[in-house]
file work35.cif (mmCIF, N, CA and C atoms)
data_protein
loop_
_atom_site.label_atom_id
_atom_site.label_comp_id
_atom_site.auth_asym_id
_atom_site.auth_seq_id
_atom_site.Cartn_x
_atom_site.Cartn_y
_atom_site.Cartn_z
N MET A 287 192.29 -131.84 -40.49
CA MET A 287 193.57 -131.19 -40.71
C MET A 287 193.51 -130.46 -42.05
N PRO A 288 193.96 -129.21 -42.10
CA PRO A 288 193.92 -128.45 -43.36
C PRO A 288 194.86 -129.05 -44.40
N THR A 289 194.49 -128.87 -45.65
CA THR A 289 195.34 -129.30 -46.76
C THR A 289 196.54 -128.37 -46.84
N PRO A 290 197.76 -128.92 -46.96
CA PRO A 290 198.94 -128.05 -47.05
C PRO A 290 198.96 -127.27 -48.36
N PRO A 291 199.62 -126.11 -48.36
CA PRO A 291 199.70 -125.31 -49.59
C PRO A 291 200.52 -126.02 -50.66
N VAL A 292 200.30 -125.63 -51.90
CA VAL A 292 201.03 -126.15 -53.05
C VAL A 292 201.69 -124.97 -53.74
N ILE A 293 202.94 -125.14 -54.15
CA ILE A 293 203.62 -124.10 -54.89
C ILE A 293 203.66 -124.49 -56.37
N SER A 294 203.53 -123.52 -57.23
CA SER A 294 203.53 -123.77 -58.66
C SER A 294 204.11 -122.55 -59.36
N VAL A 295 204.23 -122.64 -60.68
CA VAL A 295 204.69 -121.50 -61.48
C VAL A 295 203.69 -121.23 -62.59
N MET A 296 203.64 -119.98 -63.02
CA MET A 296 202.89 -119.61 -64.21
C MET A 296 203.90 -119.04 -65.19
N LEU A 297 203.99 -119.67 -66.35
CA LEU A 297 204.94 -119.26 -67.37
C LEU A 297 204.23 -118.36 -68.37
N ILE A 298 204.75 -117.16 -68.55
CA ILE A 298 204.18 -116.22 -69.52
C ILE A 298 204.80 -116.55 -70.88
N VAL A 299 203.95 -116.74 -71.87
CA VAL A 299 204.39 -117.17 -73.20
C VAL A 299 203.72 -116.32 -74.27
N PRO A 300 204.36 -116.19 -75.44
CA PRO A 300 203.75 -115.38 -76.50
C PRO A 300 202.51 -116.02 -77.12
N ASP A 301 202.42 -117.35 -77.08
CA ASP A 301 201.29 -118.05 -77.70
C ASP A 301 200.93 -119.23 -76.80
N ALA A 302 199.86 -119.10 -76.03
CA ALA A 302 199.48 -120.13 -75.06
C ALA A 302 199.16 -121.46 -75.73
N ASP A 303 198.47 -121.44 -76.87
CA ASP A 303 198.13 -122.70 -77.54
C ASP A 303 199.40 -123.43 -77.99
N ALA A 304 200.35 -122.69 -78.55
CA ALA A 304 201.61 -123.30 -78.98
C ALA A 304 202.38 -123.85 -77.77
N ALA A 305 202.36 -123.13 -76.66
CA ALA A 305 203.06 -123.58 -75.46
C ALA A 305 202.43 -124.85 -74.90
N VAL A 306 201.11 -124.89 -74.83
CA VAL A 306 200.42 -126.09 -74.34
C VAL A 306 200.80 -127.28 -75.21
N ALA A 307 200.76 -127.10 -76.51
CA ALA A 307 201.10 -128.18 -77.43
C ALA A 307 202.56 -128.62 -77.23
N TRP A 308 203.46 -127.67 -77.06
CA TRP A 308 204.88 -128.01 -76.89
C TRP A 308 205.11 -128.75 -75.58
N TYR A 309 204.58 -128.24 -74.47
CA TYR A 309 204.79 -128.90 -73.18
C TYR A 309 204.17 -130.29 -73.16
N ARG A 310 203.07 -130.48 -73.85
CA ARG A 310 202.47 -131.82 -73.94
C ARG A 310 203.37 -132.74 -74.74
N ALA A 311 203.84 -132.30 -75.91
CA ALA A 311 204.65 -133.14 -76.77
C ALA A 311 206.06 -133.36 -76.21
N ALA A 312 206.70 -132.30 -75.74
CA ALA A 312 208.10 -132.39 -75.32
C ALA A 312 208.28 -132.96 -73.92
N LEU A 313 207.36 -132.66 -73.01
CA LEU A 313 207.54 -133.06 -71.61
C LEU A 313 206.48 -134.04 -71.12
N GLY A 314 205.53 -134.37 -71.98
CA GLY A 314 204.48 -135.28 -71.55
C GLY A 314 203.51 -134.67 -70.57
N ALA A 315 203.39 -133.35 -70.59
CA ALA A 315 202.45 -132.66 -69.68
C ALA A 315 201.02 -133.05 -70.01
N THR A 316 200.20 -133.06 -68.98
CA THR A 316 198.77 -133.31 -69.12
C THR A 316 198.04 -131.98 -68.97
N GLU A 317 197.11 -131.72 -69.87
CA GLU A 317 196.31 -130.50 -69.79
C GLU A 317 195.19 -130.70 -68.79
N LEU A 318 195.13 -129.83 -67.77
CA LEU A 318 194.07 -129.89 -66.76
C LEU A 318 192.85 -129.11 -67.21
N TRP A 319 193.09 -127.95 -67.80
CA TRP A 319 192.02 -127.10 -68.31
C TRP A 319 192.64 -126.06 -69.22
N ASN A 320 191.81 -125.46 -70.08
CA ASN A 320 192.29 -124.45 -71.01
C ASN A 320 191.18 -123.44 -71.24
N LEU A 321 191.45 -122.18 -70.86
CA LEU A 321 190.47 -121.12 -71.02
C LEU A 321 190.74 -120.27 -72.25
N GLY A 322 191.70 -120.68 -73.07
CA GLY A 322 192.08 -119.87 -74.22
C GLY A 322 192.92 -118.70 -73.74
N GLY A 323 194.21 -118.79 -73.87
CA GLY A 323 195.11 -117.75 -73.39
C GLY A 323 195.70 -118.06 -72.03
N VAL A 324 195.07 -118.93 -71.30
CA VAL A 324 195.61 -119.38 -70.01
C VAL A 324 195.19 -120.83 -69.82
N ALA A 325 196.14 -121.66 -69.39
CA ALA A 325 195.85 -123.09 -69.26
C ALA A 325 196.58 -123.68 -68.07
N GLY A 326 195.97 -124.69 -67.49
CA GLY A 326 196.58 -125.44 -66.40
C GLY A 326 197.11 -126.76 -66.92
N LEU A 327 198.34 -127.09 -66.56
CA LEU A 327 198.99 -128.32 -66.98
C LEU A 327 199.59 -128.99 -65.75
N GLU A 328 200.00 -130.24 -65.91
CA GLU A 328 200.75 -130.90 -64.84
C GLU A 328 201.71 -131.91 -65.43
N ILE A 329 202.79 -132.10 -64.71
CA ILE A 329 203.76 -133.13 -65.03
C ILE A 329 203.94 -133.95 -63.76
N GLY A 330 203.59 -135.22 -63.82
CA GLY A 330 203.76 -136.09 -62.67
C GLY A 330 203.04 -135.62 -61.43
N GLY A 331 201.89 -134.98 -61.60
CA GLY A 331 201.11 -134.49 -60.47
C GLY A 331 201.50 -133.09 -60.01
N ALA A 332 202.55 -132.51 -60.57
CA ALA A 332 202.98 -131.15 -60.22
C ALA A 332 202.34 -130.16 -61.19
N PRO A 333 201.44 -129.29 -60.69
CA PRO A 333 200.77 -128.36 -61.59
C PRO A 333 201.65 -127.18 -61.98
N PHE A 334 201.43 -126.69 -63.20
CA PHE A 334 202.00 -125.42 -63.63
C PHE A 334 201.04 -124.82 -64.64
N PHE A 335 201.24 -123.57 -64.93
CA PHE A 335 200.28 -122.84 -65.75
C PHE A 335 201.00 -122.05 -66.82
N VAL A 336 200.32 -121.84 -67.95
CA VAL A 336 200.83 -120.95 -68.98
C VAL A 336 199.80 -119.84 -69.19
N HIS A 337 200.32 -118.67 -69.45
CA HIS A 337 199.48 -117.49 -69.63
C HIS A 337 200.04 -116.72 -70.82
N GLN A 338 199.20 -116.41 -71.75
CA GLN A 338 199.63 -115.67 -72.93
C GLN A 338 199.98 -114.24 -72.54
N VAL A 339 200.99 -113.70 -73.20
CA VAL A 339 201.42 -112.32 -72.98
C VAL A 339 200.22 -111.39 -73.04
N THR A 340 200.18 -110.45 -72.11
CA THR A 340 199.17 -109.40 -72.12
C THR A 340 199.87 -108.11 -72.55
N PRO A 341 199.63 -107.65 -73.79
CA PRO A 341 200.30 -106.43 -74.26
C PRO A 341 200.08 -105.26 -73.31
N GLY A 342 201.14 -104.54 -73.05
CA GLY A 342 201.05 -103.37 -72.19
C GLY A 342 201.17 -103.68 -70.71
N ASN A 343 201.25 -104.94 -70.32
CA ASN A 343 201.41 -105.31 -68.91
C ASN A 343 202.79 -105.93 -68.74
N ALA A 344 203.71 -105.15 -68.20
CA ALA A 344 205.10 -105.60 -68.05
C ALA A 344 205.21 -106.84 -67.18
N ALA A 345 204.26 -107.05 -66.27
CA ALA A 345 204.29 -108.24 -65.41
C ALA A 345 203.88 -109.50 -66.16
N GLU A 346 203.34 -109.34 -67.34
CA GLU A 346 202.89 -110.48 -68.12
C GLU A 346 203.53 -110.45 -69.51
N SER A 347 204.87 -110.40 -69.50
CA SER A 347 205.61 -110.45 -70.76
C SER A 347 206.53 -111.65 -70.74
N SER A 348 206.76 -112.21 -71.90
CA SER A 348 207.60 -113.40 -72.03
C SER A 348 209.06 -113.02 -71.78
N PRO A 349 209.85 -113.94 -71.20
CA PRO A 349 211.22 -113.58 -70.83
C PRO A 349 212.15 -113.34 -72.00
N ASP A 350 211.82 -113.80 -73.18
CA ASP A 350 212.66 -113.59 -74.37
C ASP A 350 214.11 -114.01 -74.09
N GLY A 351 214.29 -115.13 -73.40
CA GLY A 351 215.62 -115.67 -73.16
C GLY A 351 216.31 -115.16 -71.91
N VAL A 352 215.77 -114.15 -71.24
CA VAL A 352 216.39 -113.61 -70.03
C VAL A 352 215.39 -113.73 -68.90
N THR A 353 215.73 -114.54 -67.91
CA THR A 353 214.84 -114.74 -66.77
C THR A 353 215.64 -115.03 -65.52
N SER A 354 215.12 -114.65 -64.38
CA SER A 354 215.77 -114.95 -63.11
C SER A 354 215.17 -116.19 -62.46
N VAL A 355 214.24 -116.83 -63.14
CA VAL A 355 213.56 -118.01 -62.60
C VAL A 355 213.98 -119.24 -63.40
N ARG A 356 214.22 -120.32 -62.68
CA ARG A 356 214.53 -121.59 -63.32
C ARG A 356 213.52 -122.61 -62.80
N VAL A 357 212.87 -123.31 -63.70
CA VAL A 357 211.93 -124.35 -63.33
C VAL A 357 212.72 -125.64 -63.10
N GLU A 358 212.51 -126.27 -61.96
CA GLU A 358 213.21 -127.51 -61.62
C GLU A 358 212.28 -128.69 -61.88
N LEU A 359 212.76 -129.67 -62.62
CA LEU A 359 212.00 -130.87 -62.91
C LEU A 359 212.82 -132.07 -62.45
N PHE A 360 212.27 -132.85 -61.53
CA PHE A 360 212.95 -134.03 -61.00
C PHE A 360 212.30 -135.27 -61.58
N ALA A 361 213.12 -136.20 -62.09
CA ALA A 361 212.58 -137.36 -62.78
C ALA A 361 213.53 -138.54 -62.67
N ASP A 362 213.01 -139.72 -62.96
CA ASP A 362 213.83 -140.93 -62.96
C ASP A 362 214.79 -140.95 -64.13
N ASP A 363 214.44 -140.30 -65.24
CA ASP A 363 215.25 -140.33 -66.46
C ASP A 363 215.53 -138.91 -66.96
N PRO A 364 216.38 -138.15 -66.26
CA PRO A 364 216.64 -136.78 -66.72
C PRO A 364 217.27 -136.72 -68.11
N ASP A 365 218.12 -137.70 -68.44
CA ASP A 365 218.73 -137.71 -69.78
C ASP A 365 217.67 -137.79 -70.86
N GLY A 366 216.68 -138.66 -70.67
CA GLY A 366 215.62 -138.84 -71.65
C GLY A 366 214.75 -137.60 -71.79
N ILE A 367 214.48 -136.94 -70.67
CA ILE A 367 213.64 -135.73 -70.73
C ILE A 367 214.36 -134.62 -71.46
N VAL A 368 215.63 -134.40 -71.16
CA VAL A 368 216.39 -133.35 -71.86
C VAL A 368 216.48 -133.69 -73.35
N ALA A 369 216.76 -134.94 -73.68
CA ALA A 369 216.85 -135.33 -75.09
C ALA A 369 215.52 -135.10 -75.81
N ARG A 370 214.42 -135.42 -75.16
CA ARG A 370 213.08 -135.24 -75.77
C ARG A 370 212.79 -133.75 -75.99
N ALA A 371 213.14 -132.92 -75.01
CA ALA A 371 212.92 -131.48 -75.14
C ALA A 371 213.77 -130.89 -76.26
N VAL A 372 215.02 -131.30 -76.34
CA VAL A 372 215.91 -130.81 -77.41
C VAL A 372 215.39 -131.27 -78.78
N ALA A 373 214.94 -132.51 -78.87
CA ALA A 373 214.38 -133.01 -80.13
C ALA A 373 213.14 -132.21 -80.54
N ALA A 374 212.44 -131.64 -79.56
CA ALA A 374 211.23 -130.87 -79.84
C ALA A 374 211.52 -129.38 -80.07
N GLY A 375 212.81 -128.98 -80.03
CA GLY A 375 213.15 -127.60 -80.35
C GLY A 375 213.77 -126.78 -79.24
N ALA A 376 213.98 -127.36 -78.07
CA ALA A 376 214.64 -126.64 -76.98
C ALA A 376 216.15 -126.63 -77.23
N THR A 377 216.84 -125.69 -76.59
CA THR A 377 218.30 -125.73 -76.57
C THR A 377 218.70 -126.28 -75.22
N GLY A 378 219.64 -127.21 -75.21
CA GLY A 378 219.90 -127.92 -73.96
C GLY A 378 221.34 -128.00 -73.56
N SER A 379 221.52 -128.42 -72.32
CA SER A 379 222.84 -128.73 -71.79
C SER A 379 222.78 -130.17 -71.27
N ALA A 380 223.85 -130.89 -71.48
CA ALA A 380 223.90 -132.31 -71.15
C ALA A 380 223.67 -132.55 -69.66
N VAL A 381 223.11 -133.69 -69.37
CA VAL A 381 222.95 -134.13 -67.99
C VAL A 381 224.30 -134.69 -67.55
N VAL A 382 224.82 -134.17 -66.44
CA VAL A 382 226.12 -134.60 -65.93
C VAL A 382 226.00 -134.88 -64.43
N ASP A 383 226.99 -135.57 -63.91
CA ASP A 383 227.04 -135.87 -62.47
C ASP A 383 227.60 -134.68 -61.70
N HIS A 384 226.94 -134.36 -60.60
CA HIS A 384 227.39 -133.33 -59.67
C HIS A 384 227.53 -133.99 -58.30
N GLU A 385 228.70 -133.85 -57.68
CA GLU A 385 228.87 -134.41 -56.34
C GLU A 385 228.29 -133.43 -55.32
N MET A 386 227.33 -133.93 -54.56
CA MET A 386 226.61 -133.11 -53.58
C MET A 386 226.79 -133.75 -52.20
N PRO A 387 226.44 -133.04 -51.13
CA PRO A 387 226.57 -133.62 -49.79
C PRO A 387 225.82 -134.95 -49.62
N TRP A 388 224.73 -135.15 -50.36
CA TRP A 388 223.95 -136.37 -50.24
C TRP A 388 224.40 -137.45 -51.23
N GLY A 389 225.36 -137.17 -52.09
CA GLY A 389 225.84 -138.13 -53.08
C GLY A 389 225.82 -137.53 -54.46
N THR A 390 225.81 -138.37 -55.47
CA THR A 390 225.83 -137.91 -56.86
C THR A 390 224.42 -137.48 -57.28
N HIS A 391 224.37 -136.31 -57.89
CA HIS A 391 223.12 -135.78 -58.44
C HIS A 391 223.33 -135.56 -59.92
N ARG A 392 222.50 -136.22 -60.76
CA ARG A 392 222.58 -136.05 -62.21
C ARG A 392 221.63 -134.93 -62.61
N GLN A 393 222.17 -133.91 -63.30
CA GLN A 393 221.35 -132.77 -63.68
C GLN A 393 221.87 -132.14 -64.97
N GLY A 394 220.95 -131.71 -65.79
CA GLY A 394 221.23 -130.94 -67.00
C GLY A 394 220.06 -129.99 -67.18
N GLY A 395 219.80 -129.60 -68.40
CA GLY A 395 218.65 -128.70 -68.56
C GLY A 395 218.46 -128.26 -69.99
N PHE A 396 217.51 -127.36 -70.13
CA PHE A 396 217.21 -126.82 -71.45
C PHE A 396 216.49 -125.48 -71.29
N THR A 397 216.50 -124.72 -72.36
CA THR A 397 215.68 -123.52 -72.47
C THR A 397 214.62 -123.83 -73.51
N ASP A 398 213.35 -123.68 -73.10
CA ASP A 398 212.26 -124.03 -74.01
C ASP A 398 212.11 -122.96 -75.09
N PRO A 399 211.33 -123.21 -76.12
CA PRO A 399 211.19 -122.24 -77.21
C PRO A 399 210.57 -120.91 -76.80
N PHE A 400 210.08 -120.81 -75.56
CA PHE A 400 209.44 -119.59 -75.08
C PHE A 400 210.34 -118.79 -74.15
N GLY A 401 211.60 -119.25 -73.99
CA GLY A 401 212.59 -118.52 -73.20
C GLY A 401 212.69 -118.93 -71.74
N HIS A 402 211.98 -119.96 -71.33
CA HIS A 402 212.02 -120.39 -69.94
C HIS A 402 213.09 -121.46 -69.75
N ARG A 403 213.89 -121.29 -68.70
CA ARG A 403 215.01 -122.20 -68.38
C ARG A 403 214.52 -123.30 -67.45
N TRP A 404 214.78 -124.55 -67.81
CA TRP A 404 214.40 -125.72 -67.02
C TRP A 404 215.67 -126.46 -66.62
N SER A 405 215.78 -126.83 -65.36
CA SER A 405 216.81 -127.76 -64.91
C SER A 405 216.13 -129.10 -64.73
N VAL A 406 216.78 -130.15 -65.20
CA VAL A 406 216.19 -131.48 -65.12
C VAL A 406 217.21 -132.39 -64.44
N GLY A 407 216.79 -132.98 -63.33
CA GLY A 407 217.71 -133.83 -62.61
C GLY A 407 217.01 -135.03 -62.00
N ASP A 408 217.83 -135.90 -61.42
CA ASP A 408 217.26 -137.05 -60.73
C ASP A 408 216.59 -136.58 -59.43
N ARG A 409 215.97 -137.50 -58.74
CA ARG A 409 215.19 -137.15 -57.54
C ARG A 409 216.03 -137.05 -56.27
N SER A 410 217.35 -137.19 -56.36
CA SER A 410 218.18 -137.25 -55.16
C SER A 410 218.04 -136.05 -54.21
N PRO A 411 217.84 -134.82 -54.69
CA PRO A 411 217.70 -133.70 -53.74
C PRO A 411 216.41 -133.74 -52.93
N LEU A 412 215.46 -134.55 -53.35
CA LEU A 412 214.16 -134.57 -52.69
C LEU A 412 214.14 -135.45 -51.45
N GLY A 413 215.27 -136.11 -51.19
CA GLY A 413 215.37 -136.94 -49.98
C GLY A 413 214.90 -138.26 -50.21
#
call {"tool": "encode", "arguments": {"input": "work35.cif", "output": "structure tokens"}}
result
Amino acid sequence: MPTPPVISVMLIVPDADAAVAWYRAALGATELWNLGGVAGLEIGGAPFFVHQVTPGNAAESSPDGVTSVRVELFADDPDGIVARAVAAGATGSAVVDHEMPWGTHRQGGFTDPFGHRWSVGDRSPLG
């Protein structure tokens, strides 16, 4: 049976080394590999990638606080993750209860120092 596909994100950042260090310290990410300017990371087995800005390539520019993409992070302790990210320099919003069709979903979030928006919630939407 073929292996199912995996979806991931690549975050464009102004300084890949600084981003790798921040995601490791703030979110507990594990570095899978680092080619200098582009690196593979994972959180809880979910891979994601960082890529340093490529000058002159509009497709590889950092969002500078404006983005249409939100990274979703599901965890047992969303309050702790948001607090850790804010302590490391992110700007955050409190984790609050949201009443959903499946019950209460706790979710908050933060914007990392590189302009990427993260939502952090409990695992309830995952079934």
call {"tool": "resolve_selection", "arguments": {"input": "work35.cif", "expression": "the PyMOL selection byres (((chain A and resi 309 and name CA) around 12) and name CA)", "output": "PyMOL selection string"}}
result
chain A and resi 297+299+302-308+310-317+325-329+334-336+367+370-371+374-376+398-400+402+404
call {"tool": "residues_around", "arguments": {"input": "work35.cif", "residues": "A:Ser405", "least_positions_apart": "4", "cutoff": "8 Å", "atoms": "only C-alpha atoms", "output": "PDB file with N, CA and C atoms, keeping the file's coordinate frame"}}
result
ATOM      1  N   ARG A 356     214.220-120.320 -62.680  1.00  0.00           N
ATOM      2  CA  ARG A 356     214.530-121.590 -63.320  1.00  0.00           C
ATOM      3  C   ARG A 356     213.520-122.610 -62.800  1.00  0.00           C
ATOM      4  N   VAL A 357     212.870-123.310 -63.700  1.00  0.00           N
ATOM      5  CA  VAL A 357     211.930-124.350 -63.330  1.00  0.00           C
ATOM      6  C   VAL A 357     212.720-125.640 -63.100  1.00  0.00           C
ATOM      7  N   GLU A 358     212.510-126.270 -61.960  1.00  0.00           N
ATOM      8  CA  GLU A 358     213.210-127.510 -61.620  1.00  0.00           C
ATOM      9  C   GLU A 358     212.280-128.690 -61.880  1.00  0.00           C
ATOM     10  N   LEU A 359     212.760-129.670 -62.620  1.00  0.00           N
ATOM     11  CA  LEU A 359     212.000-130.870 -62.910  1.00  0.00           C
ATOM     12  C   LEU A 359     212.820-132.070 -62.450  1.00  0.00           C
ATOM     13  N   GLN A 393     222.170-133.910 -63.300  1.00  0.00           N
ATOM     14  CA  GLN A 393     221.350-132.770 -63.680  1.00  0.00           C
ATOM     15  C   GLN A 393     221.870-132.140 -64.970  1.00  0.00           C
ATOM     16  N   GLY A 394     220.950-131.710 -65.790  1.00  0.00           N
ATOM     17  CA  GLY A 394     221.230-130.940 -67.000  1.00  0.00           C
ATOM     18  C   GLY A 394     220.060-129.990 -67.180  1.00  0.00           C
ATOM     19  N   GLY A 395     219.800-129.600 -68.400  1.00  0.00           N
ATOM     20  CA  GLY A 395     218.650-128.700 -68.560  1.00  0.00           C
ATOM     21  C   GLY A 395     218.460-128.260 -69.990  1.00  0.00           C
ATOM     22  N   PHE A 396     217.510-127.360 -70.130  1.00  0.00           N
ATOM     23  CA  PHE A 396     217.210-126.820 -71.450  1.00  0.00           C
ATOM     24  C   PHE A 396     216.490-125.480 -71.290  1.00  0.00           C
TER      25      PHE A 396
END
call {"tool": "atom_distance", "arguments": {"input": "work35.cif", "atom1": "atom CA of A:Ala373", "atom2": "atom CA of A:Glu385"}}
result
27.9 Å
call {"tool": "select_by_dssp", "arguments": {"input": "work35.cif", "residues": "stretch 309-408 of chain A", "states": "alpha helix (DSSP H)", "output": "list in words"}}
result
Tyr309, Arg310, Ala311, Ala312, Leu313, Pro364, Asp365, Gly366, Ile367, Val368, Ala369, Arg370, Ala371, Val372 and Ala373 of chain A
call {"tool": "atom_distance", "arguments": {"input": "work35.cif", "atom1": "atom N of A:Trp388", "atom2": "atom CA of A:Ser410"}}
result
8.4 Å
call {"tool": "residues_around", "arguments": {"input": "work35.cif", "residues": "A:Arg392", "least_positions_apart": "3", "cutoff": "5 Å", "atoms": "all atoms listed in the file", "output": "list in words"}}
result
Val382, Asp383, His384, Gly407 and Asp408 of chain A
call {"tool": "closest_residue", "arguments": {"input": "work35.cif", "among": "A:Pro333, A:Trp319, A:Val324, A:Gly389", "to": "A:Ser294", "atoms": "only N, CA and C atoms"}}
result
A:Pro333
call {"tool": "atom_distance", "arguments": {"input": "work35.cif", "atom1": "atom N of A:Val339", "atom2": "atom CA of A:Met296"}}
result
10.9 Å
call {"tool": "closest_residue", "arguments": {"input": "work35.cif", "among": "A:Thr397, A:Asp301, A:Asn343, A:Asp362", "to": "A:Gly323", "atoms": "all atoms listed in the file"}}
result
A:Asp301
call {"tool": "select_by_dssp", "arguments": {"input": "work35.cif", "residues": "chain A", "states": "strand (DSSP E or B)", "output": "ChimeraX atom specification"}}
result
/A:296-299,316-320,324-329,332-338,356-360,377-386,389-397,403-407
call {"tool": "closest_residue", "arguments": {"input": "work35.cif", "among": "A:Val406, A:Leu321, A:Val292, A:Ile298", "to": "A:Ala345", "atoms": "all atoms listed in the file"}}
result
A:Ile298
call {"tool": "closest_residue", "arguments": {"input": "work35.cif", "among": "A:Met287, A:Gly366, A:Gly322, A:Ala361", "to": "A:His337", "atoms": "only N, CA and C atoms"}}
result
A:Gly322
call {"tool": "build_atoms", "arguments": {"input": "work35.cif", "residues": "stretch 323-330 of chain A", "atoms": "all heavy atoms", "output": "compact mmCIF listing (two decimals), in the frame of the given file"}}
result
# COMPACT_ATOMS: atom_id res chain seq x y z
N GLY A 323 194.21 -118.79 -73.87
CA GLY A 323 195.11 -117.75 -73.39
C GLY A 323 195.70 -118.06 -72.03
O GLY A 323 196.72 -117.49 -71.66
N VAL A 324 195.07 -118.93 -71.30
CA VAL A 324 195.61 -119.38 -70.01
C VAL A 324 195.19 -120.83 -69.82
O VAL A 324 194.05 -121.20 -70.13
CB VAL A 324 195.17 -118.47 -68.84
CG1 VAL A 324 193.76 -118.74 -68.41
CG2 VAL A 324 196.09 -118.55 -67.67
N ALA A 325 196.14 -121.66 -69.39
CA ALA A 325 195.85 -123.09 -69.26
C ALA A 325 196.58 -123.68 -68.07
O ALA A 325 197.66 -123.21 -67.69
CB ALA A 325 196.26 -123.83 -70.53
N GLY A 326 195.97 -124.69 -67.49
CA GLY A 326 196.58 -125.44 -66.40
C GLY A 326 197.11 -126.76 -66.92
O GLY A 326 196.42 -127.46 -67.66
N LEU A 327 198.34 -127.09 -66.56
CA LEU A 327 198.99 -128.32 -66.98
C LEU A 327 199.59 -128.99 -65.75
O LEU A 327 199.69 -128.38 -64.68
CB LEU A 327 200.11 -128.02 -67.98
CG LEU A 327 199.72 -127.26 -69.24
CD1 LEU A 327 200.94 -126.66 -69.91
CD2 LEU A 327 199.01 -128.19 -70.20
N GLU A 328 200.00 -130.24 -65.91
CA GLU A 328 200.75 -130.90 -64.84
C GLU A 328 201.71 -131.91 -65.43
O GLU A 328 201.49 -132.44 -66.51
CB GLU A 328 199.82 -131.57 -63.83
CG GLU A 328 199.15 -132.82 -64.32
CD GLU A 328 198.33 -133.51 -63.23
OE1 GLU A 328 198.27 -133.03 -62.09
OE2 GLU A 328 197.74 -134.55 -63.55
N ILE A 329 202.79 -132.10 -64.71
CA ILE A 329 203.76 -133.13 -65.03
C ILE A 329 203.94 -133.95 -63.76
O ILE A 329 204.34 -133.41 -62.72
CB ILE A 329 205.11 -132.55 -65.47
CG1 ILE A 329 204.95 -131.74 -66.76
CG2 ILE A 329 206.14 -133.67 -65.67
CD1 ILE A 329 206.20 -131.00 -67.18
N GLY A 330 203.59 -135.22 -63.82
CA GLY A 330 203.76 -136.09 -62.67
C GLY A 330 203.04 -135.62 -61.43
O GLY A 330 203.53 -135.79 -60.32
